[in-house]
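Visitor: Before we start, here is the structure in question, set down as structure tokens.
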Amino acid sequence: MSVLHLLTGWPGKSPSGEGLPAHPAVYHMLDVAAVAEALIENEEFDTPRRQAIVFLTALHDLGKINEAFRSMLTEGRAQVFGRHWEVTEVFLREADHEFECLGLDGQRRKWLYGAVAGHHGRPPEKSGDAFLRMKRAAGPEAFSDAVEVIRAFRKLWPNGSLAEMSRDEVRALSWWLPGFITAADWIGSNAEWFPAEAPGLALADYLDAVRNRAARAVQETGLVPARVTETSLFRHTPRPMQAHAADVPLPDGPVLAIMEDGTGSGKTEAALVLAQRMLQAGKGRGLFFALPTMATADAMFARLRPDLGRLFATPPSLTLAHGRAGISREWRDLALTAMRHEDEPGPTAWLSDNRRKALLANVGIGTIDQALLAVLKAKHAPLRLYGLSSKILIVDEVHEVGDPYMAELLATLLRSHRQNGGSAILLTATLPVAQRDMLLRAWGAEPPALAPYPALTLAGAAPETVAPMPDLRGAITVERLEDDEAVVSLLQGAAAQGAACVWVRNAVDDAMAAVRALRDRGVEADLLHARFALADRLAHQGGILERFGKERTGGAGRVLVATQVVESSLDLDFDVMVSDLAPIAALIQRAGRLWRHMDLRPAESRPVRAPVLHVLSPDPAAVDDSTWLHRVLDGGAWVYPLDQQWRTAQALFSAGMIETPHGLRLLIEAVEGPNADPVPPQLEEAEQERIGAGYGARTLAGMNRIDLDRDYRDGGGGADDRDYPTRLGVEQKVLVLARWENGRVVPWADEADRTEDELWVLSEVSVAARRAEKLALPDQDVPEILAVTKGWPEWRREAVTLCPVGADGRICEGLHYRAAEGLVFAERSAETG
């Protein structure tokens with residue numbers, strides 16, 4: 001068989017224009033192999049393993065040597081019996097004897113054939129008769145030509161071998177390899193870097209010709225690792241956890257570190273110091289910061305961006321990875337600057353054109369959801385695993401990933417990350433010991449018997465006790481309030497003394513009612529919750545940060561009523577705090593916003609004598625029936641499990657104070673630990689319901705996650721991201737608010753420097769689906785709405801409901817929207833008149 005026939009007989013891509021050549025399939029395969037050579041230079045593989053991986057990568061599109069694929073390109077015929085990537089697996093299996101040179105048994109070779117073929121985001125599934133039909137449809141010459149390609153490529157990487165890999169290592173490689181090939185294929189398919197070439201050069205000559213092109217392409221994508229500095233990151237005397245992070249010995253191999261310390265102790269900076277040491281030791285080539293929410297991710301992005309120049313000697317590629325990253329002004333401005341100036345940290349054009357590429361950047365800051373998608377049976381999970389494999393994974397507020405569903409996914413993520421050679425740092429103030437131990441076991445380490453606090457624990461070693469960071473506030477006294485009237489009276493009096501006050505409520509409707517009650521008393525009250533259109537929420541948030549933030553101007557004598565959005569994402573400082581009863585971890589986080597900036601506002605400058613956490617709660621010693629909590633809280637009584645609420649009240653009011661940090665472990669374990677007090681008989685049914693729901697959530701997580709005990713073909717999946725949630729909870733429905741303007745429907749958000757697409761995103765608000773289903777929301781088929789939505793992708797039309805808002809705020813019967821109050825349901829709107 002002549003090489004010319006292999007080049008001219010099997011096109012890999014259609015001509016980009018009339019009279020232009022069709023790029024030969026084998027040339028495209030070599031383009032991708034050259035990219036793989038450039039990418040694999042950064043991996044800690046020996047020469048035989050590198051050559052074997054590049055050899056397999058080169059064969060990723062072997063199934064394009066196929067009459068059905070050629071007919072699809074030249075005549076537009078459908079590939080009836082199987083797509084080209086599925087034919088790739090058929091050819092590799094049929095030519096199995098050609099791969100004995102890899103030094104693996106037949107079973108392990110088959111694992112890798114599925115991995116090579118599965119680079120389009122999902123593993124191949126066909127077998128048996130389907131294999132025969134695909135081979136027959138490929139044509140009589142295709143298989144023999146495919147074998148010739150295998151043999152020719154083998155000569156290009158003659159020393160490739162995986163003989164030293166164990167079964168577990170090959171199984172792990174079957175998960176990493178599809179993601180690696182996908183990244184190489186996406187780069188190698190870019191016509192700007194790899195334009196179509198007419199057949200001519202021999203295979204070895206063509207490969208030599210494109211190697212420099214591939215190296216330049218990888219550089220321009222932003223996938224070349226940034227060089228880490230040796231410069232100390234400390235700008236001040238290090239705090240105890242930071243000093244410990246700078247000195248703790250690092251073991252060989254991948255490292256899991258768990259930092260447990262109080263709020264405000266400098267854990268983020270400690271994590272950066274430890275991550276820098278890990279990077280210097282070759283335990284990673286980049287960072288991914290995983291945060292619990294988009295708001296916390298945005299805050300972390302703003303906080304860390306200035307430090308990147310001190311961490312890296314060359315500008316790293318950088319992404320903000322969450323579903324609404326595009327509307328962040330700071331991110332958008334940085335992205336535009338970085339694309340103009342290569343010496344600025346930021347995304348490259350290639351990284352920005354597909355959200356699935358976010359984890360490939362040198363540094364990513366995003367939500368934990370982006371990382372958890374790597375271990376769900378969703379499309380392109382291996383690409384995410386590959387992107388994370390080179391990163392130090394830093395999970396902040398890891399206790400927020402403690403519900404049974406997310407905890408199972410995080411455990412799987414840590415296991416896969418370790419298999420791929422990655423290291424991780426977990427940060428928390430309130431992690432229960434049982435959850436800590438589960439994460440250590442997922443990593444493959446036996447949990448230590450001791451549980452000191454504060455502590456820095458490296459998997460496989462005893463926890464290192466860290467000296468506590470002195471809390472200038474002293475102990476926070478805890479006082480119980482009986483009802484809303486007691487809260488309103490307390491806040492009215494504190495505001496009259498010039499205090500900056502907050503009431504943290506568990507439910508949005510309760511927050512609205514509280515603001516009305518305070519305003520009826522003449523108290524200036526602000527409102528913040530998650531049921532505002534995003535544009536309005538951001539505007540309110542900006543004013544609240546100005547009034548109650550670190551510098552605090554205008555907050556004296558005012559009250560902020562807010563939901564959980566203030567727990568961790570905003571740097572706020574209050575003199576007086578009231579909170580609805582909530583689980584202990586949430587209350588500790590909320591208390592972190594009480595007397596926060598003591599260096600700027602010491603005790604003697606505060607209008608109250610001492611920090612007190614007032615908790616709106618019934619008496620835990622007076623439980624008459626299962627409505628115990630409902631007698632004090634309204635909608636907020638349904639938000640958290642009732643048995644955990646009672647245990648929190650019991651532990652917190654018995655202690656009478658929160659002592660940071662050395663008292664935190666005792667409080668957490670009193671609620672979450674194995675020796676927690678039994679709940680009263682009246683609440684036992686609620687406890688059993690929570691336990692049962694937890695079993696169900698863990699079972700669902702087991703069904704939805706990838707199976708790392710199997711190879712990629714048997715343990716993976718390729719469903720849409722929306723089919724496999726990263727977290728459970730109340731089902732939400734997204735409304736897109738609009739206003740009427742000259743008879744047209746236009747976005748509710750109105751910001752001159754935004755694109756129309758951005759304005760529509762800024763006009764979104766989410767509500768509980770069960771409440772929305774009871775309403776007659778606007779008909780989506782009326783001409784004015786169709787005029788807007790006809791240009792939207794189908795998935796977006798299915799996911800959202802466009803809702804024009806009348807001049808009186810009316811959306812439909814039972815639903816109003818007001819920019820100052822948010823989305824108001826009928827049962828509450830009557831109270832406002």
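Lettering and numbering for the structure tokens are positional, with chains as A, B, ... in the shown order, residues counted from 1 in each chain, and ligands counted from 1 in the shown order.
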Set the distance at 9 Å and use only C-alpha atoms: which residues neighbour Asp720 of chain A once local chain neighbours fewer than 6 positions away are removed? I'd like the list as a PyMOL selection string.
Guide: chain A and resi 377-379
Visitor: Env of Val730 of chain A: 12 Å cut, atoms = only C-alpha atoms, seq-sep filter 6 positions within chain, self excluded. Answer as a PyMOL selection string.
Guide: chain A and resi 638-640+766-771
Visitor: Mind dumping the selected residues with N, CA and C atoms as an mmCIF file, in the first residue's frame?
Guide:
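And here's result_33.cif as it stands now:
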data_model
loop_
_atom_site.group_PDB
_atom_site.id
_atom_site.type_symbol
_atom_site.label_atom_id
_atom_site.label_comp_id
_atom_site.auth_asym_id
_atom_site.auth_seq_id
_atom_site.Cartn_x
_atom_site.Cartn_y
_atom_site.Cartn_z
ATOM 1 N N TRP A 638 -38.365 25.736 57.736
ATOM 2 C CA TRP A 638 -38.331 24.624 56.777
ATOM 3 C C TRP A 638 -36.986 24.485 56.071
ATOM 4 N N VAL A 639 -36.087 25.419 56.262
ATOM 5 C CA VAL A 639 -34.880 25.480 55.437
ATOM 6 C C VAL A 639 -33.859 24.405 55.809
ATOM 7 N N TYR A 640 -33.694 24.145 57.107
ATOM 8 C CA TYR A 640 -32.663 23.213 57.571
ATOM 9 C C TYR A 640 -33.319 22.049 58.327
ATOM 10 N N SER A 766 -34.131 33.437 40.145
ATOM 11 C CA SER A 766 -34.561 32.051 40.348
ATOM 12 C C SER A 766 -35.582 31.981 41.478
ATOM 13 N N VAL A 767 -36.563 31.091 41.310
ATOM 14 C CA VAL A 767 -37.578 30.859 42.334
ATOM 15 C C VAL A 767 -37.789 29.359 42.466
ATOM 16 N N ALA A 768 -38.368 28.954 43.572
ATOM 17 C CA ALA A 768 -38.684 27.550 43.762
ATOM 18 C C ALA A 768 -39.695 27.117 42.700
ATOM 19 N N ALA A 769 -39.387 26.024 42.004
ATOM 20 C CA ALA A 769 -40.254 25.563 40.927
ATOM 21 C C ALA A 769 -41.656 25.243 41.426
ATOM 22 N N ARG A 770 -41.765 24.705 42.653
ATOM 23 C CA ARG A 770 -43.078 24.321 43.181
ATOM 24 C C ARG A 770 -43.987 25.547 43.348
ATOM 25 N N ARG A 771 -43.398 26.708 43.625
ATOM 26 C CA ARG A 771 -44.213 27.921 43.758
ATOM 27 C C ARG A 771 -44.554 28.476 42.382
#
Visitor: Using only C-alpha atoms, which residues sit within 9 Å of Glu758 of chain A once same-chain residues fewer than 5 positions away are excluded, as number ranges by chain?
Guide: A: 326-327, 749, 763
Visitor: Return the single residue from A:Glu37, A:Glu546, A:Glu260, A:Glu669 that is closest to Ala58 of chain A, with distances computed using only C-alpha atoms.
Guide: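 So, comparing all the options, the nearest one is A:Glu37.
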Visitor: Give me the residues within 12 Å of Leu642 of chain A as a compact mmCIF listing (two decimals) with all heavy atoms, in the first residue's frame, counting only C-alpha atoms and dropping any in the same chain fewer than 5 places off.
Guide:
# COMPACT_ATOMS: atom_id res chain seq x y z
N LEU A 581 -32.30 30.89 64.08
CA LEU A 581 -31.62 29.64 64.39
C LEU A 581 -31.26 28.93 63.10
O LEU A 581 -32.09 28.78 62.19
CB LEU A 581 -32.51 28.75 65.26
CG LEU A 581 -31.91 27.40 65.68
CD1 LEU A 581 -30.68 27.60 66.58
CD2 LEU A 581 -32.96 26.54 66.38
N ALA A 582 -30.02 28.46 63.01
CA ALA A 582 -29.50 27.77 61.83
C ALA A 582 -28.50 26.73 62.32
O ALA A 582 -28.10 26.75 63.49
CB ALA A 582 -28.85 28.76 60.88
N PRO A 583 -28.08 25.79 61.48
CA PRO A 583 -27.06 24.82 61.90
C PRO A 583 -25.81 25.51 62.41
O PRO A 583 -25.47 26.63 62.01
CB PRO A 583 -26.80 24.02 60.63
CG PRO A 583 -28.09 24.10 59.87
CD PRO A 583 -28.60 25.48 60.13
N PRO A 620 -34.81 25.06 73.58
CA PRO A 620 -34.63 23.64 73.28
C PRO A 620 -35.09 22.73 74.41
O PRO A 620 -35.27 21.51 74.19
CB PRO A 620 -33.12 23.51 73.04
CG PRO A 620 -32.52 24.67 73.74
CD PRO A 620 -33.53 25.78 73.64
N VAL A 623 -39.78 21.34 74.18
CA VAL A 623 -40.25 20.77 72.91
C VAL A 623 -41.53 19.99 73.20
O VAL A 623 -41.50 18.91 73.79
CB VAL A 623 -39.19 19.86 72.28
CG1 VAL A 623 -39.71 19.29 70.97
CG2 VAL A 623 -37.89 20.61 72.06
N ASP A 625 -43.98 19.38 70.63
CA ASP A 625 -44.36 18.58 69.46
C ASP A 625 -43.43 18.96 68.31
O ASP A 625 -42.48 19.74 68.48
CB ASP A 625 -45.83 18.81 69.08
CG ASP A 625 -46.16 20.28 68.91
OD1 ASP A 625 -45.34 21.02 68.34
OD2 ASP A 625 -47.25 20.70 69.35
N SER A 626 -43.70 18.44 67.13
CA SER A 626 -42.81 18.64 65.99
C SER A 626 -42.89 20.05 65.42
O SER A 626 -42.11 20.41 64.53
CB SER A 626 -43.14 17.63 64.88
OG SER A 626 -44.48 17.80 64.43
N THR A 627 -43.82 20.87 65.92
CA THR A 627 -43.90 22.27 65.47
C THR A 627 -43.06 23.18 66.35
O THR A 627 -43.22 24.40 66.30
CB THR A 627 -45.36 22.76 65.46
OG1 THR A 627 -45.85 22.78 66.82
CG2 THR A 627 -46.23 21.85 64.60
N TRP A 628 -42.16 22.60 67.15
CA TRP A 628 -41.33 23.37 68.09
C TRP A 628 -40.71 24.60 67.43
O TRP A 628 -40.82 25.72 67.96
CB TRP A 628 -40.23 22.43 68.61
CG TRP A 628 -39.11 23.11 69.33
CD1 TRP A 628 -39.14 23.62 70.58
CD2 TRP A 628 -37.78 23.33 68.84
NE1 TRP A 628 -37.91 24.16 70.91
CE2 TRP A 628 -37.07 23.99 69.86
CE3 TRP A 628 -37.13 23.03 67.64
CZ2 TRP A 628 -35.72 24.36 69.70
CZ3 TRP A 628 -35.80 23.39 67.48
CH2 TRP A 628 -35.11 24.05 68.51
N LEU A 629 -40.07 24.44 66.30
CA LEU A 629 -39.39 25.57 65.66
C LEU A 629 -40.36 26.48 64.93
O LEU A 629 -40.15 27.70 64.85
CB LEU A 629 -38.33 25.05 64.69
CG LEU A 629 -37.39 26.08 64.04
CD1 LEU A 629 -36.68 26.92 65.09
CD2 LEU A 629 -36.38 25.39 63.14
N HIS A 630 -41.44 25.94 64.41
CA HIS A 630 -42.39 26.72 63.63
C HIS A 630 -43.11 27.77 64.47
O HIS A 630 -43.65 28.74 63.93
CB HIS A 630 -43.41 25.79 62.95
CG HIS A 630 -42.79 24.85 61.97
ND1 HIS A 630 -42.70 25.13 60.62
CD2 HIS A 630 -42.18 23.65 62.14
CE1 HIS A 630 -42.10 24.13 60.00
NE2 HIS A 630 -41.77 23.22 60.90
N LEU A 633 -40.17 30.59 64.07
CA LEU A 633 -39.80 30.94 62.71
C LEU A 633 -40.94 30.58 61.76
O LEU A 633 -41.66 29.60 61.98
CB LEU A 633 -38.53 30.20 62.29
CG LEU A 633 -37.26 30.49 63.08
CD1 LEU A 633 -36.08 29.73 62.49
CD2 LEU A 633 -36.96 31.98 63.12
N GLY A 636 -38.58 30.17 57.54
CA GLY A 636 -37.22 29.78 57.89
C GLY A 636 -37.12 28.50 58.68
O GLY A 636 -36.04 27.92 58.81
N ALA A 637 -38.25 28.00 59.21
CA ALA A 637 -38.23 26.75 59.95
C ALA A 637 -38.11 25.54 59.03
O ALA A 637 -37.81 24.44 59.49
CB ALA A 637 -39.50 26.62 60.79
N ARG A 647 -30.34 20.37 67.95
CA ARG A 647 -29.02 20.10 68.55
C ARG A 647 -28.16 21.37 68.58
O ARG A 647 -27.40 21.59 69.53
CB ARG A 647 -28.31 19.00 67.76
CG ARG A 647 -28.84 17.61 68.04
CD ARG A 647 -27.86 16.54 67.58
NE ARG A 647 -28.32 15.22 67.96
CZ ARG A 647 -29.02 14.40 67.17
NH1 ARG A 647 -29.31 14.79 65.93
NH2 ARG A 647 -29.42 13.22 67.59
N THR A 648 -28.28 22.20 67.55
CA THR A 648 -27.54 23.46 67.56
C THR A 648 -28.00 24.34 68.71
O THR A 648 -27.19 24.91 69.45
CB THR A 648 -27.73 24.20 66.22
OG1 THR A 648 -27.13 23.45 65.17
CG2 THR A 648 -27.10 25.59 66.27
N ALA A 649 -29.31 24.47 68.88
CA ALA A 649 -29.84 25.29 69.97
C ALA A 649 -29.39 24.74 71.32
O ALA A 649 -28.97 25.49 72.22
CB ALA A 649 -31.36 25.34 69.89
N VAL A 679 -32.14 13.63 70.27
CA VAL A 679 -33.21 14.63 70.15
C VAL A 679 -34.40 14.20 70.99
O VAL A 679 -34.56 13.01 71.31
CB VAL A 679 -33.63 14.80 68.67
CG1 VAL A 679 -32.49 15.29 67.83
CG2 VAL A 679 -34.21 13.49 68.12
N PRO A 680 -35.24 15.12 71.38
CA PRO A 680 -36.46 14.75 72.09
C PRO A 680 -37.32 13.81 71.25
O PRO A 680 -37.26 13.84 70.02
CB PRO A 680 -37.15 16.10 72.31
CG PRO A 680 -36.06 17.11 72.22
CD PRO A 680 -35.09 16.58 71.23
N GLN A 682 -40.28 13.92 70.34
CA GLN A 682 -41.15 14.61 69.39
C GLN A 682 -40.44 14.92 68.07
O GLN A 682 -41.09 15.21 67.07
CB GLN A 682 -41.67 15.91 69.99
CG GLN A 682 -42.54 15.74 71.22
CD GLN A 682 -41.72 15.69 72.51
OE1 GLN A 682 -40.51 15.44 72.49
NE2 GLN A 682 -42.37 15.93 73.65
N LEU A 683 -39.10 14.89 68.06
CA LEU A 683 -38.33 15.22 66.86
C LEU A 683 -37.66 14.00 66.23
O LEU A 683 -36.93 14.13 65.25
CB LEU A 683 -37.26 16.27 67.20
CG LEU A 683 -37.75 17.57 67.86
CD1 LEU A 683 -36.59 18.53 68.06
CD2 LEU A 683 -38.86 18.22 67.03
N GLU A 684 -37.91 12.83 66.79
CA GLU A 684 -37.24 11.63 66.27
C GLU A 684 -37.68 11.31 64.84
O GLU A 684 -36.88 10.86 64.03
CB GLU A 684 -37.54 10.44 67.18
CG GLU A 684 -36.79 10.51 68.51
CD GLU A 684 -37.16 9.37 69.44
OE1 GLU A 684 -38.11 8.62 69.12
OE2 GLU A 684 -36.51 9.24 70.50
N GLU A 685 -38.94 11.54 64.53
CA GLU A 685 -39.41 11.28 63.16
C GLU A 685 -38.68 12.17 62.16
O GLU A 685 -38.28 11.73 61.08
CB GLU A 685 -40.91 11.50 63.06
CG GLU A 685 -41.47 11.17 61.68
CD GLU A 685 -42.98 11.34 61.61
OE1 GLU A 685 -43.61 11.55 62.67
OE2 GLU A 685 -43.52 11.25 60.49
N ALA A 686 -38.48 13.44 62.52
CA ALA A 686 -37.75 14.36 61.65
C ALA A 686 -36.31 13.89 61.46
O ALA A 686 -35.75 13.98 60.36
CB ALA A 686 -37.77 15.77 62.23
N GLU A 687 -35.70 13.37 62.52
CA GLU A 687 -34.33 12.88 62.41
C GLU A 687 -34.28 11.67 61.47
O GLU A 687 -33.38 11.59 60.63
CB GLU A 687 -33.79 12.50 63.78
CG GLU A 687 -32.37 11.97 63.75
CD GLU A 687 -31.82 11.69 65.13
OE1 GLU A 687 -32.54 11.09 65.95
OE2 GLU A 687 -30.67 12.09 65.40
N GLN A 688 -35.23 10.76 61.60
CA GLN A 688 -35.23 9.59 60.73
C GLN A 688 -35.47 9.98 59.27
O GLN A 688 -34.88 9.38 58.37
CB GLN A 688 -36.30 8.60 61.20
CG GLN A 688 -35.99 7.94 62.53
CD GLN A 688 -34.61 7.28 62.55
OE1 GLN A 688 -34.25 6.53 61.63
NE2 GLN A 688 -33.83 7.59 63.58
N GLU A 689 -36.28 10.98 59.05
CA GLU A 689 -36.50 11.47 57.69
C GLU A 689 -35.20 12.04 57.10
O GLU A 689 -34.87 11.80 55.94
CB GLU A 689 -37.59 12.53 57.67
CG GLU A 689 -38.98 11.96 57.90
CD GLU A 689 -40.04 13.05 57.94
OE1 GLU A 689 -39.67 14.25 57.82
OE2 GLU A 689 -41.23 12.71 58.09
N ARG A 690 -34.47 12.78 57.92
CA ARG A 690 -33.19 13.33 57.44
C ARG A 690 -32.21 12.21 57.13
O ARG A 690 -31.54 12.23 56.09
CB ARG A 690 -32.59 14.27 58.48
CG ARG A 690 -31.22 14.82 58.06
CD ARG A 690 -30.60 15.67 59.15
NE ARG A 690 -30.33 14.94 60.37
CZ ARG A 690 -29.24 14.18 60.55
NH1 ARG A 690 -28.34 14.05 59.58
NH2 ARG A 690 -29.05 13.55 61.71
N ILE A 691 -32.11 11.23 58.01
CA ILE A 691 -31.18 10.12 57.79
C ILE A 691 -31.58 9.36 56.52
O ILE A 691 -30.72 9.00 55.68
CB ILE A 691 -31.16 9.19 59.01
CG1 ILE A 691 -30.54 9.93 60.21
CG2 ILE A 691 -30.38 7.92 58.72
CD1 ILE A 691 -30.65 9.17 61.53
Visitor: Choose the residue, out of A:Gly262, A:Arg552, A:Ser654, A:Leu616, that has the smallest atom-to-atom separation from Gln589 of chain A; count only C-alpha atoms.
Guide: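 For Gln589 of chain A, the nearest of the candidates is A:Gly262.
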Visitor: Give the strand (DSSP E) residues of segment 171-331 of chain A, as assigned by DSSP on the backbone, as a ChimeraX atom specification.
Guide: /A:256-260,286-291,318-321
Visitor: Can you pull out the residues contacting Asp634 of chain A? Cut-off 12 Å, using only C-alpha atoms, and skip same-chain residues under 6 positions away; I want them as an MDAnalysis selection string.
Guide: chainID A and resid 483:484 505:514 580:581 616:617 627:628
Visitor: Which residues come within 6 Å of segment 202-217 of chain A, counting only C-alpha atoms, excluding same-chain residues fewer than 3 positions away, as a PyMOL selection string?
Guide: chain A and resi 34-35+38+220
Visitor: Which residues are close to Glu784 of chain A, i.e. within 10 Å by only C-alpha atoms, leaving aside same-chain residues fewer than 6 positions away? Reply as a ChimeraX atom specification.
Guide: /A:740,743-746,804
Visitor: Please report the interatomic distance between atom CA of Ala539 of chain A and atom CA of Arg355 of chain A in Å with one decimal.
Guide: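 Atom CA of Arg355 of chain A lies 26.4 Å from atom CA of Ala539 of chain A.
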Visitor: What residues in segment 267-386 of chain A get the DSSP label alpha helix (DSSP H)? Please answer as number ranges by chain.
Guide: A: 267-280, 294-304, 308-311, 329-340, 349-352, 368-372, 381-386
Visitor: Atoms to include: C-alpha atoms. Write the selected residues as a JSON list (two decimals), in the first residue's frame.
Guide:
[["chain", "number", "residue", "atom", "x", "y", "z"],
["A", 267, "LYS", "CA", -6.31, 30.36, 55.76],
["A", 268, "THR", "CA", -6.43, 31.60, 52.17],
["A", 269, "GLU", "CA", -2.94, 33.09, 52.40],
["A", 270, "ALA", "CA", -1.72, 29.94, 54.19],
["A", 271, "ALA", "CA", -3.10, 27.85, 51.33],
["A", 272, "LEU", "CA", -1.24, 30.02, 48.80],
["A", 273, "VAL", "CA", 2.01, 29.57, 50.71],
["A", 274, "LEU", "CA", 1.55, 25.81, 50.84],
["A", 275, "ALA", "CA", 0.49, 25.70, 47.20],
["A", 276, "GLN", "CA", 3.61, 27.61, 46.19],
["A", 277, "ARG", "CA", 5.75, 25.02, 47.97],
["A", 278, "MET", "CA", 3.84, 22.21, 46.26],
["A", 279, "LEU", "CA", 4.38, 23.86, 42.87],
["A", 280, "GLN", "CA", 8.07, 24.27, 43.59],
["A", 294, "MET", "CA", -20.54, 32.15, 42.35],
["A", 295, "ALA", "CA", -20.49, 35.12, 44.72],
["A", 296, "THR", "CA", -17.66, 33.63, 46.78],
["A", 297, "ALA", "CA", -15.81, 32.76, 43.57],
["A", 298, "ASP", "CA", -16.10, 36.36, 42.36],
["A", 299, "ALA", "CA", -14.86, 37.61, 45.74],
["A", 300, "MET", "CA", -11.92, 35.19, 45.69],
["A", 301, "PHE", "CA", -11.05, 36.23, 42.14],
["A", 302, "ALA", "CA", -10.82, 39.88, 43.20],
["A", 303, "ARG", "CA", -8.81, 38.91, 46.27],
["A", 304, "LEU", "CA", -6.27, 36.62, 44.59],
["A", 308, "LEU", "CA", -0.58, 36.00, 41.01],
["A", 309, "GLY", "CA", 2.31, 38.23, 39.95],
["A", 310, "ARG", "CA", 4.15, 37.31, 43.15],
["A", 311, "LEU", "CA", 3.33, 33.63, 42.85],
["A", 329, "ARG", "CA", -16.97, 43.46, 35.10],
["A", 330, "GLU", "CA", -13.60, 42.76, 36.68],
["A", 331, "TRP", "CA", -13.29, 39.49, 34.79],
["A", 332, "ARG", "CA", -14.44, 40.99, 31.50],
["A", 333, "ASP", "CA", -12.04, 43.93, 31.74],
["A", 334, "LEU", "CA", -9.17, 41.64, 32.69],
["A", 335, "ALA", "CA", -9.94, 39.28, 29.82],
["A", 336, "LEU", "CA", -9.87, 42.13, 27.31],
["A", 337, "THR", "CA", -6.61, 43.46, 28.74],
["A", 338, "ALA", "CA", -4.94, 40.06, 28.81],
["A", 339, "MET", "CA", -5.85, 39.35, 25.20],
["A", 340, "ARG", "CA", -4.23, 42.64, 24.19],
["A", 349, "ALA", "CA", -8.76, 33.63, 23.04],
["A", 350, "TRP", "CA", -8.63, 29.83, 22.75],
["A", 351, "LEU", "CA", -9.52, 29.29, 26.42],
["A", 352, "SER", "CA", -12.40, 31.77, 26.20],
["A", 368, "ILE", "CA", -16.87, 23.65, 43.34],
["A", 369, "ASP", "CA", -19.49, 22.62, 40.77],
["A", 370, "GLN", "CA", -16.98, 23.02, 37.94],
["A", 371, "ALA", "CA", -14.67, 20.54, 39.64],
["A", 372, "LEU", "CA", -17.43, 18.09, 40.61],
["A", 381, "ALA", "CA", -15.76, 14.59, 32.27],
["A", 382, "PRO", "CA", -12.28, 13.28, 31.26],
["A", 383, "LEU", "CA", -11.37, 16.69, 29.83],
["A", 384, "ARG", "CA", -12.11, 18.21, 33.22],
["A", 385, "LEU", "CA", -10.17, 15.43, 34.96],
["A", 386, "TYR", "CA", -7.21, 16.08, 32.68]]
Visitor: Show me, as CSV, the residues of segment 501-587 of chain A having an atom within 10 Å of segment 394-403 of chain A, each with the closest atom pair and its distance in Å, using only C-alpha atoms.
Guide:
residue,atom,partner,partner_atom,distance
A:Ser568,CA,A:Glu397,CA,8.7
A:Ala585,CA,A:His399,CA,8.0
A:Ala586,CA,A:Glu400,CA,9.3
Visitor: What is the distance, in Å and to one decimal place, between atom CA of Gly422 of chain A and atom CA of Ser389 of chain A?
Guide: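 Atom CA of Ser389 of chain A lies at a distance of 5.1 Å from atom CA of Gly422 of chain A.
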Visitor: Please indicate the distance in Å from atom CA of Leu156 of chain A to atom CA of Leu102 of chain A, rounded to one decimal place.
Guide: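 Spanning atom CA of Leu156 of chain A to atom CA of Leu102 of chain A is a straight-line distance of 14.3 Å.
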Visitor: Which one is closest to Ile658 of chain A: A:Thr477, A:Ser189, A:Asn742, A:Gln497? Count only C-alpha atoms.
Guide: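 With only C-alpha atoms as the atom set, the closest residue is A:Thr477.
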Visitor: Looking at A:Leu472, A:Leu762, A:Ala525, A:Val565, which one is nearest to Arg596 of chain A, with distances taken over only C-alpha atoms?
Guide: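 With only C-alpha atoms as the atom set, the closest residue is A:Leu472.
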Visitor: Would you please work out which residue, of A:Gly444, A:Gly718, A:Pro254, A:Gly498, is nearest to Ser390 of chain A when using only C-alpha atoms?
Guide: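 Of the candidates, the smallest distance to Ser390 of chain A is held by A:Pro254.
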Visitor: Which residue, A:Gly118, A:Pro11, A:Gly460, A:Gly522, has the smallest gap to Thr74 of chain A when you use only C-alpha atoms?
Guide: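 Smallest separation from Thr74 of chain A among the options: A:Pro11.
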